[in-house]
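Asks: I have a structure here, written as structure tokens, and I will follow up with some questions on it.
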Amino acid sequence: MNFLAHAFLSGSNEKILIGNFIGDFVKGRQAVQSYEHDIARGIELHRAIDDFTDNHPVVKDSKNRLRPKYRHYSAVIVDVYYDHFLAKNWRTFHPVPLDQFAQHVYATISKFSDVVPTGVRYMLPYMVRGNWLLNYAKIDGIGRALSGMAQRTAYHSKMEQAVIDLREHYDLFFQEFMQFFPLLKSHAEDFIDPDSSD
């Protein structure tokens, strides 16, 4: 549920941003094809980002540190951790202040509310009210995000406890994020504009 990273990695095309943002809510190729070209491309970008992330050895190191306690939820937790590090170190990666970027994302999703899935329309008011994208920069904000996800899981995930692990291994997770994220950024940029790497 790394909403900030997906929004950041979308570039400047609003429709690609929409597709990338809603990627987790759209299942199957036929569903993707029901969207116009740039939104569909954003959904495909979302899947390319997830695939690159899931299979990267540095991310696997982060997940393996959590796996004994959280099992398959470790991947979701690492996504949230990495969004925290992106928000906390935003100025390293983006010239626009995070609060302005967050408002742009919320406004863009609202602008396309007629085409986004029902789950996104339901979630957006909570996201805006809690200013999730901005509050990811705070450990307390990450704690609230993880606790909220724990309440929505079918089984006892223990995700509400994961902020303790973040504090305990903070520097190590941060080092792994900084090693990985520039590679993910390049991967996303190549997906959006394959000719740029020539």
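Residues in the structure tokens are numbered from 1 in each chain, the chains being A, B, ... in the order shown, and ligands are numbered from 1 in the order shown.
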Using only C-alpha atoms, which residues sit within 12 Å of Leu134 in chain A once same-chain residues fewer than 2 positions away are excluded, as a PyMOL selection string?
Replies: chain A and resi 3-4+83-90+97-106+127-132+136-142
Asks: Give me the residues within 7 Å of range 155-165 of chain A as a ChimeraX atom specification, counting only C-alpha atoms and dropping any in the same chain fewer than 6 places off.
Replies: /A:70,73,143,146-147
Asks: Using only C-alpha atoms, which residues sit within 10 Å of Asp61 in chain A once same-chain residues fewer than 5 positions away are excluded, as a list of chain:residue names?
Replies: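 Result of the neighbour search: A:His56, A:Leu66, A:Arg67, A:Phe173, A:Glu176.
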Asks: Interatomic distance between CA of Phe112 in chain A and CA of Ile18 in chain A?
Replies: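 Those two atoms sit 7.6 Å apart.
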Asks: Please return, as a ChimeraX atom specification, all residues of chain A that DSSP assigns to alpha helix (DSSP H) on the basis of the backbone.
Replies: /A:3-8,14-21,29-33,37-54,57-70,74-88,90-93,98-111,118-130,132-135,139-152,162-168,170-192
Asks: Which residue is closest to Ser62 in chain A? Choose from A:Leu133, A:Ile109, A:Leu17, A:Val76 and count only C-alpha atoms.
Replies: A:Val76
Asks: Pull the closest atom pair for each residue of range 76-177 of chain A that gets at most 12 Å from range 50-55 of chain A, along with the distance in Å to one decimal, counting only C-alpha atoms, ordering rows by chain and then ascending residue number, as a tab-separated table.
Replies:
```
residue	atom	partner	partner_atom	distance
A:Val76	CA	A:Asp54	CA	10.3
A:Val78	CA	A:Thr53	CA	10.2
A:Asp79	CA	A:Thr53	CA	9.1
A:Tyr82	CA	A:Thr53	CA	10.9
A:Phe177	CA	A:Thr53	CA	10.9
```
Asks: Pick out the closest residue to Glu44 in chain A from this set: A:Phe25, A:Phe191, A:Tyr81, A:Tyr170. Count only C-alpha atoms.
Replies: A:Phe191
